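Written below as structure tokens is the structure these notes are about.
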Amino acid sequence: MKVPILKQGNYLIASVQSSLNDNELLQLRNDLVERISTVRAKGVIIDVTVLDVMDSFATRILQDIAQMIRLRGAPTVLVGIQPDVAFAMVQLGLNLGALKTALDLEEGLALLDKDIKEKEVN
Amino acid sequence: MAKKNEQSEENTPDLKEEKYPVIPGPPDESTSTLLKELVKHLRQKRSGLRQEWAERIQKAEFLTAMTEKEILAEATSIYDNYVEALETGTYEALRAYARDLSERIIPRGVETHEVVGIVLLLRDVLARSLFSKYRDDFSKLNRILDAYEPAANRIANTVAVGFVQERERVIRKQQESIRELSTPVLQVRERLLILPIIGSMDAQRAKQLTEQLLQAIRRNRAKVVVIDITGVAAMDGKVANHLLVKTVDASSLLGANVIVTGLSAEIAQTLVTTGVDLAKIITVGDLQGGIEEAERKLGYRVQKMDQNQQQNIIN
């Protein structure tokens, strides 16, 4: 199932609706990188609340997405990681590198707001 | 007593030699008739044997937690259950009684060796009485013992297993309640949780703690967590790695910062010498400092009121 990408103000929100296979993840990556410039978004949020598994491939693709979007001028925040998933990820030694995380959508939006404000101040 | 002892020792070689020729095949019927005879004998001598048994329990200094009267009362019921198990060949009633007895005596500090000891004493007392009854007829004694020994051993086994099972059940129950009690996650301000850890840490508890903390972060939408380990005396490198590094990582995936407070000198040394990756851990000396740091992170500023304001509140 394709991941819907919604525009909310200055941000893009990719809301994952069901578990994703590898192709769907790559599709998400391509869509996001494409959309970011057409809508001139200032930040991206990927909501993974529904995912109950996060494997190494998914972790790598998410990191790639964050890197690509950063190169196109916007920060990315991953929101809604389940406690069990977080625990499993650390147990497996997976880490998201520089990708920022937040508890839920609301927190993610607040984090982006803060980031952008800081950028403007500088 | 000494006389009987000699006799039984004298008998032993004879018994061994005679064992095979005297008992041909498995004489089921005769075993049950022998057991019947045995039970009749034990019923007749009930009070004498019971008394002797109770005396030997006291001499061996078993069940010191109980009074003489209690010992005799329990001895009577065990004796009756024992004879009944011999008679019927079923151990259900005995097993239930053993469980019930264990439930009563475990809280009084009766040890496993005492329970096994008293059952073995009873077996010996009864065996001695059989020796003295059939002293003139070795082959009969031999057959009687053949019937008696397996049953007696099974009884001893049943009682011991019942006791140990009950004990294990009690221990398991206590462990569970300790686990539940030992990991409170407390909210002290909006979005600020405290996790005080007290007692010894093992890998199992560390894992459980992490899981509970992650659930609590989500439930309370926490932004900062203070883990206070003042109450943990020592911790090995593996547990420290799990508790500190992994918990911090997992919490940050949920968007929460972790501050660790109250590291003891020993733990600090363990962490450094075992090479735990400390780069991501924020540590503060004590709980107070940790809470102050957390409040700063959350944007709180705690201020002492001036005299007038204080007066207003008191009035």
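Residue numbering restarts at 1 in every chain; chains get A, B, ... in the order shown in the structure tokens, and ligands count up from 1 in that same order.
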For region 44-49 of chain A: contacts at 7 Å, only C-alpha atoms, fewer than 3 positions along chain excluded, given as a list of chain:residue names: A:Tyr11, A:Leu12, A:Ile13, A:Ala14, A:Ser15, A:Val16, A:Pro75, A:Thr76, A:Val77, A:Leu78, A:Val79, A:Gly80, A:Ile81, A:Gln82, A:Leu105, A:Gly108
Let me see the file: selected residues, N, CA and C atoms, as a PDB file, in the first residue's frame.
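The resulting file, selection.pdb, is reproduced below:
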```
ATOM      1  N   TYR A  11       4.899  21.867   6.393  1.00  0.00           N
ATOM      2  CA  TYR A  11       5.494  20.549   6.551  1.00  0.00           C
ATOM      3  C   TYR A  11       4.819  19.497   5.686  1.00  0.00           C
ATOM      4  N   LEU A  12       5.606  18.461   5.415  1.00  0.00           N
ATOM      5  CA  LEU A  12       5.052  17.276   4.762  1.00  0.00           C
ATOM      6  C   LEU A  12       4.953  16.176   5.811  1.00  0.00           C
ATOM      7  N   ILE A  13       3.822  15.478   5.807  1.00  0.00           N
ATOM      8  CA  ILE A  13       3.652  14.395   6.765  1.00  0.00           C
ATOM      9  C   ILE A  13       3.402  13.103   5.998  1.00  0.00           C
ATOM     10  N   ALA A  14       4.331  12.147   6.163  1.00  0.00           N
ATOM     11  CA  ALA A  14       4.148  10.829   5.554  1.00  0.00           C
ATOM     12  C   ALA A  14       3.619   9.919   6.647  1.00  0.00           C
ATOM     13  N   SER A  15       2.361   9.508   6.477  1.00  0.00           N
ATOM     14  CA  SER A  15       1.727   8.740   7.541  1.00  0.00           C
ATOM     15  C   SER A  15       1.610   7.277   7.115  1.00  0.00           C
ATOM     16  N   VAL A  16       2.470   6.449   7.675  1.00  0.00           N
ATOM     17  CA  VAL A  16       2.485   5.032   7.285  1.00  0.00           C
ATOM     18  C   VAL A  16       1.227   4.363   7.807  1.00  0.00           C
ATOM     19  N   PRO A  75      14.733  19.495   7.525  1.00  0.00           N
ATOM     20  CA  PRO A  75      14.971  18.429   8.507  1.00  0.00           C
ATOM     21  C   PRO A  75      13.848  17.370   8.494  1.00  0.00           C
ATOM     22  N   THR A  76      14.181  16.173   8.964  1.00  0.00           N
ATOM     23  CA  THR A  76      13.196  15.087   9.039  1.00  0.00           C
ATOM     24  C   THR A  76      13.078  14.603  10.481  1.00  0.00           C
ATOM     25  N   VAL A  77      11.846  14.330  10.890  1.00  0.00           N
ATOM     26  CA  VAL A  77      11.622  13.769  12.236  1.00  0.00           C
ATOM     27  C   VAL A  77      10.807  12.490  12.098  1.00  0.00           C
ATOM     28  N   LEU A  78      11.263  11.441  12.789  1.00  0.00           N
ATOM     29  CA  LEU A  78      10.547  10.174  12.805  1.00  0.00           C
ATOM     30  C   LEU A  78       9.708  10.139  14.077  1.00  0.00           C
ATOM     31  N   VAL A  79       8.398   9.935  13.940  1.00  0.00           N
ATOM     32  CA  VAL A  79       7.562   9.966  15.145  1.00  0.00           C
ATOM     33  C   VAL A  79       6.779   8.671  15.315  1.00  0.00           C
ATOM     34  N   GLY A  80       6.414   8.402  16.570  1.00  0.00           N
ATOM     35  CA  GLY A  80       5.490   7.300  16.871  1.00  0.00           C
ATOM     36  C   GLY A  80       6.116   5.923  16.951  1.00  0.00           C
ATOM     37  N   ILE A  81       7.433   5.848  17.214  1.00  0.00           N
ATOM     38  CA  ILE A  81       8.022   4.522  17.393  1.00  0.00           C
ATOM     39  C   ILE A  81       7.427   3.885  18.652  1.00  0.00           C
ATOM     40  N   GLN A  82       6.946   2.661  18.529  1.00  0.00           N
ATOM     41  CA  GLN A  82       6.349   1.972  19.682  1.00  0.00           C
ATOM     42  C   GLN A  82       7.443   1.594  20.684  1.00  0.00           C
ATOM     43  N   LEU A 105       3.025  12.719  16.679  1.00  0.00           N
ATOM     44  CA  LEU A 105       2.932  13.755  15.649  1.00  0.00           C
ATOM     45  C   LEU A 105       3.039  15.158  16.260  1.00  0.00           C
ATOM     46  N   GLY A 108       6.490  15.914  17.223  1.00  0.00           N
ATOM     47  CA  GLY A 108       7.302  16.092  16.012  1.00  0.00           C
ATOM     48  C   GLY A 108       7.118  17.478  15.428  1.00  0.00           C
TER      49      GLY A 108
END
```
Compile a residue-level contact table for chain A against chain B at a cut-off of 7 Å, reporting for every qualifying residue the shortest atom pair and its distance in Å to one decimal, with only C-alpha atoms counted, rows ordered by chain and ascending number, as a tab-separated table.
```
residue	atom	partner	partner_atom	distance
A:Ile81	CA	B:Leu254	CA	6.1
A:Pro83	CA	B:Leu214	CA	5.2
A:Ala86	CA	B:Ala250	CA	5.0
A:Phe87	CA	B:Ala250	CA	5.6
A:Val90	CA	B:Lys246	CA	5.8
A:Thr101	CA	B:Gly255	CA	5.3
A:Ala102	CA	B:Gly255	CA	4.0
A:Leu103	CA	B:Leu254	CA	4.7
```
DSSP says alpha helix (DSSP H) for which residues of region 184-283 of chain B? Put them as an mmCIF file with N, CA and C atoms, in the first residue's frame?
```
data_model
loop_
_atom_site.group_PDB
_atom_site.id
_atom_site.type_symbol
_atom_site.label_atom_id
_atom_site.label_comp_id
_atom_site.auth_asym_id
_atom_site.auth_seq_id
_atom_site.Cartn_x
_atom_site.Cartn_y
_atom_site.Cartn_z
ATOM 1 N N ALA B 203 20.356 -8.972 34.686
ATOM 2 C CA ALA B 203 19.976 -8.710 33.291
ATOM 3 C C ALA B 203 18.455 -8.741 33.136
ATOM 4 N N GLN B 204 17.826 -9.719 33.818
ATOM 5 C CA GLN B 204 16.374 -9.880 33.710
ATOM 6 C C GLN B 204 15.645 -8.630 34.203
ATOM 7 N N ARG B 205 16.092 -8.139 35.366
ATOM 8 C CA ARG B 205 15.419 -6.977 35.934
ATOM 9 C C ARG B 205 15.688 -5.730 35.087
ATOM 10 N N ALA B 206 16.906 -5.624 34.565
ATOM 11 C CA ALA B 206 17.240 -4.464 33.738
ATOM 12 C C ALA B 206 16.335 -4.420 32.506
ATOM 13 N N LYS B 207 16.105 -5.582 31.922
ATOM 14 C CA LYS B 207 15.276 -5.665 30.719
ATOM 15 C C LYS B 207 13.850 -5.234 31.049
ATOM 16 N N GLN B 208 13.346 -5.772 32.172
ATOM 17 C CA GLN B 208 11.986 -5.465 32.569
ATOM 18 C C GLN B 208 11.828 -3.978 32.857
ATOM 19 N N LEU B 209 12.859 -3.420 33.511
ATOM 20 C CA LEU B 209 12.847 -2.005 33.830
ATOM 21 C C LEU B 209 12.770 -1.147 32.581
ATOM 22 N N THR B 210 13.601 -1.493 31.607
ATOM 23 C CA THR B 210 13.606 -0.735 30.366
ATOM 24 C C THR B 210 12.234 -0.768 29.715
ATOM 25 N N GLU B 211 11.645 -1.969 29.669
ATOM 26 C CA GLU B 211 10.330 -2.093 29.038
ATOM 27 C C GLU B 211 9.297 -1.233 29.751
ATOM 28 N N GLN B 212 9.309 -1.306 31.088
ATOM 29 C CA GLN B 212 8.328 -0.520 31.854
ATOM 30 C C GLN B 212 8.540 0.968 31.650
ATOM 31 N N LEU B 213 9.800 1.368 31.604
ATOM 32 C CA LEU B 213 10.096 2.789 31.428
ATOM 33 C C LEU B 213 9.595 3.272 30.065
ATOM 34 N N LEU B 214 9.833 2.461 29.020
ATOM 35 C CA LEU B 214 9.408 2.866 27.682
ATOM 36 C C LEU B 214 7.882 3.008 27.616
ATOM 37 N N GLN B 215 7.189 2.048 28.239
ATOM 38 C CA GLN B 215 5.718 2.147 28.263
ATOM 39 C C GLN B 215 5.294 3.425 28.981
ATOM 40 N N ALA B 216 5.977 3.712 30.104
ATOM 41 C CA ALA B 216 5.597 4.883 30.903
ATOM 42 C C ALA B 216 5.874 6.175 30.145
ATOM 43 N N ILE B 217 6.970 6.184 29.361
ATOM 44 C CA ILE B 217 7.288 7.387 28.578
ATOM 45 C C ILE B 217 6.149 7.671 27.608
ATOM 46 N N ARG B 218 5.669 6.614 26.986
ATOM 47 C CA ARG B 218 4.596 6.795 26.019
ATOM 48 C C ARG B 218 3.300 7.214 26.711
ATOM 49 N N ARG B 219 3.016 6.541 27.832
ATOM 50 C CA ARG B 219 1.759 6.794 28.541
ATOM 51 C C ARG B 219 1.715 8.240 29.065
ATOM 52 N N ASN B 220 2.826 8.690 29.636
ATOM 53 C CA ASN B 220 2.839 10.022 30.255
ATOM 54 C C ASN B 220 3.364 11.103 29.316
ATOM 55 N N GLY B 237 29.302 -5.043 34.215
ATOM 56 C CA GLY B 237 29.396 -4.252 32.997
ATOM 57 C C GLY B 237 28.254 -4.500 32.032
ATOM 58 N N LYS B 238 27.864 -5.761 31.939
ATOM 59 C CA LYS B 238 26.817 -6.114 30.978
ATOM 60 C C LYS B 238 25.494 -5.458 31.354
ATOM 61 N N VAL B 239 25.180 -5.555 32.654
ATOM 62 C CA VAL B 239 23.930 -4.959 33.115
ATOM 63 C C VAL B 239 23.990 -3.444 32.971
ATOM 64 N N ALA B 240 25.140 -2.866 33.307
ATOM 65 C CA ALA B 240 25.294 -1.415 33.188
ATOM 66 C C ALA B 240 25.099 -0.982 31.743
ATOM 67 N N THR B 247 18.872 1.677 27.502
ATOM 68 C CA THR B 247 17.689 2.411 27.939
ATOM 69 C C THR B 247 17.726 3.837 27.410
ATOM 70 N N VAL B 248 18.911 4.436 27.442
ATOM 71 C CA VAL B 248 19.043 5.804 26.948
ATOM 72 C C VAL B 248 18.731 5.854 25.449
ATOM 73 N N ASP B 249 19.279 4.884 24.706
ATOM 74 C CA ASP B 249 19.033 4.841 23.255
ATOM 75 C C ASP B 249 17.553 4.663 22.951
ATOM 76 N N ALA B 250 16.955 3.680 23.605
ATOM 77 C CA ALA B 250 15.549 3.383 23.324
ATOM 78 C C ALA B 250 14.667 4.564 23.704
ATOM 79 N N SER B 251 14.980 5.210 24.818
ATOM 80 C CA SER B 251 14.181 6.361 25.235
ATOM 81 C C SER B 251 14.306 7.497 24.230
ATOM 82 N N SER B 252 15.509 7.665 23.679
ATOM 83 C CA SER B 252 15.660 8.781 22.739
ATOM 84 C C SER B 252 14.925 8.493 21.435
ATOM 85 N N LEU B 253 14.725 7.204 21.124
ATOM 86 C CA LEU B 253 13.887 6.888 19.967
ATOM 87 C C LEU B 253 12.451 7.337 20.195
ATOM 88 N N ALA B 265 30.731 5.170 43.385
ATOM 89 C CA ALA B 265 32.121 5.096 42.930
ATOM 90 C C ALA B 265 32.400 3.764 42.244
ATOM 91 N N GLU B 266 31.872 2.669 42.838
ATOM 92 C CA GLU B 266 32.111 1.343 42.253
ATOM 93 C C GLU B 266 31.551 1.259 40.842
ATOM 94 N N ILE B 267 30.321 1.759 40.693
ATOM 95 C CA ILE B 267 29.688 1.645 39.380
ATOM 96 C C ILE B 267 30.427 2.504 38.367
ATOM 97 N N ALA B 268 30.845 3.692 38.808
ATOM 98 C CA ALA B 268 31.597 4.551 37.901
ATOM 99 C C ALA B 268 32.859 3.832 37.418
ATOM 100 N N GLN B 269 33.525 3.145 38.362
ATOM 101 C CA GLN B 269 34.733 2.406 37.967
ATOM 102 C C GLN B 269 34.406 1.278 36.999
ATOM 103 N N THR B 270 33.321 0.542 37.322
ATOM 104 C CA THR B 270 32.919 -0.549 36.429
ATOM 105 C C THR B 270 32.677 -0.030 35.023
ATOM 106 N N LEU B 271 31.935 1.085 34.943
ATOM 107 C CA LEU B 271 31.582 1.620 33.635
ATOM 108 C C LEU B 271 32.831 1.966 32.835
ATOM 109 N N VAL B 272 33.795 2.595 33.495
ATOM 110 C CA VAL B 272 34.979 3.029 32.767
ATOM 111 C C VAL B 272 35.854 1.836 32.391
ATOM 112 N N THR B 273 36.047 0.924 33.355
ATOM 113 C CA THR B 273 36.956 -0.186 33.061
ATOM 114 C C THR B 273 36.379 -1.179 32.056
#
```
Residues near Arg35 (chain A), cut-off 12 Å, only C-alpha atoms, skip fewer than 6 positions along chain, as a PyMOL selection string: chain A and resi 4-7+11-14+28-29+41-44+69+72+74
Mind dumping the selected residues with N, CA and C atoms as a PDB file, in the first residue's frame?
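As written to disk, part09.pdb reads:
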```pdb
ATOM      1  N   PRO A   4       0.495   7.600   2.020  1.00  0.00           N
ATOM      2  CA  PRO A   4       0.014   8.943   1.670  1.00  0.00           C
ATOM      3  C   PRO A   4       0.925  10.020   2.262  1.00  0.00           C
ATOM      4  N   ILE A   5       1.183  11.046   1.471  1.00  0.00           N
ATOM      5  CA  ILE A   5       2.004  12.160   1.949  1.00  0.00           C
ATOM      6  C   ILE A   5       1.126  13.403   1.984  1.00  0.00           C
ATOM      7  N   LEU A   6       0.944  13.944   3.188  1.00  0.00           N
ATOM      8  CA  LEU A   6       0.022  15.063   3.355  1.00  0.00           C
ATOM      9  C   LEU A   6       0.808  16.341   3.582  1.00  0.00           C
ATOM     10  N   LYS A   7       0.257  17.436   3.088  1.00  0.00           N
ATOM     11  CA  LYS A   7       0.904  18.718   3.346  1.00  0.00           C
ATOM     12  C   LYS A   7       0.155  19.402   4.477  1.00  0.00           C
ATOM     13  N   TYR A  11       4.899  21.867   6.393  1.00  0.00           N
ATOM     14  CA  TYR A  11       5.494  20.549   6.551  1.00  0.00           C
ATOM     15  C   TYR A  11       4.819  19.497   5.686  1.00  0.00           C
ATOM     16  N   LEU A  12       5.606  18.461   5.415  1.00  0.00           N
ATOM     17  CA  LEU A  12       5.052  17.276   4.762  1.00  0.00           C
ATOM     18  C   LEU A  12       4.953  16.176   5.811  1.00  0.00           C
ATOM     19  N   ILE A  13       3.822  15.478   5.807  1.00  0.00           N
ATOM     20  CA  ILE A  13       3.652  14.395   6.765  1.00  0.00           C
ATOM     21  C   ILE A  13       3.402  13.103   5.998  1.00  0.00           C
ATOM     22  N   ALA A  14       4.331  12.147   6.163  1.00  0.00           N
ATOM     23  CA  ALA A  14       4.148  10.829   5.554  1.00  0.00           C
ATOM     24  C   ALA A  14       3.619   9.919   6.647  1.00  0.00           C
ATOM     25  N   LEU A  28       8.376   5.119  -0.980  1.00  0.00           N
ATOM     26  CA  LEU A  28       8.197   6.239  -0.046  1.00  0.00           C
ATOM     27  C   LEU A  28       9.365   7.218  -0.168  1.00  0.00           C
ATOM     28  N   ARG A  29      10.579   6.650  -0.245  1.00  0.00           N
ATOM     29  CA  ARG A  29      11.771   7.499  -0.348  1.00  0.00           C
ATOM     30  C   ARG A  29      11.684   8.390  -1.594  1.00  0.00           C
ATOM     31  N   ALA A  41       8.537  22.461   1.116  1.00  0.00           N
ATOM     32  CA  ALA A  41       8.302  22.164   2.531  1.00  0.00           C
ATOM     33  C   ALA A  41       9.524  22.521   3.361  1.00  0.00           C
ATOM     34  N   LYS A  42       9.271  22.946   4.631  1.00  0.00           N
ATOM     35  CA  LYS A  42      10.376  23.313   5.521  1.00  0.00           C
ATOM     36  C   LYS A  42      10.788  22.172   6.447  1.00  0.00           C
ATOM     37  N   GLY A  43       9.987  21.107   6.421  1.00  0.00           N
ATOM     38  CA  GLY A  43      10.335  19.966   7.267  1.00  0.00           C
ATOM     39  C   GLY A  43       9.478  18.758   6.890  1.00  0.00           C
ATOM     40  N   VAL A  44       9.948  17.579   7.283  1.00  0.00           N
ATOM     41  CA  VAL A  44       9.224  16.352   6.957  1.00  0.00           C
ATOM     42  C   VAL A  44       9.037  15.538   8.231  1.00  0.00           C
ATOM     43  N   ILE A  69      16.715  14.395   2.276  1.00  0.00           N
ATOM     44  CA  ILE A  69      15.862  15.557   2.491  1.00  0.00           C
ATOM     45  C   ILE A  69      16.671  16.715   3.074  1.00  0.00           C
ATOM     46  N   ARG A  72      18.255  18.495   0.449  1.00  0.00           N
ATOM     47  CA  ARG A  72      17.332  19.354  -0.268  1.00  0.00           C
ATOM     48  C   ARG A  72      16.792  20.462   0.631  1.00  0.00           C
ATOM     49  N   ALA A  74      15.733  20.478   4.183  1.00  0.00           N
ATOM     50  CA  ALA A  74      14.723  20.404   5.258  1.00  0.00           C
ATOM     51  C   ALA A  74      15.086  19.303   6.255  1.00  0.00           C
TER      52      ALA A  74
END
```
Do you have the CA of Ile259 (chain B)-CA of Gly93 (chain A) distance handy?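 Spanning CA of Ile259 (chain B) to CA of Gly93 (chain A) is a straight-line distance of 21.1 Å.
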What gap, in Å, lies between CA of Ala160 (chain B) and CA of Val115 (chain B)?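 One can read the CA of Ala160 (chain B) to CA of Val115 (chain B) distance as 6.9 Å.
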Please identify all polymer residues within 12 Å of Asp55 (chain A), counting only C-alpha atoms, omitting same-chain residues fewer than 4 positions from it, and present them as a PyMOL selection string. chain A and resi 19-22+25+51+59-62+85-86+88-96
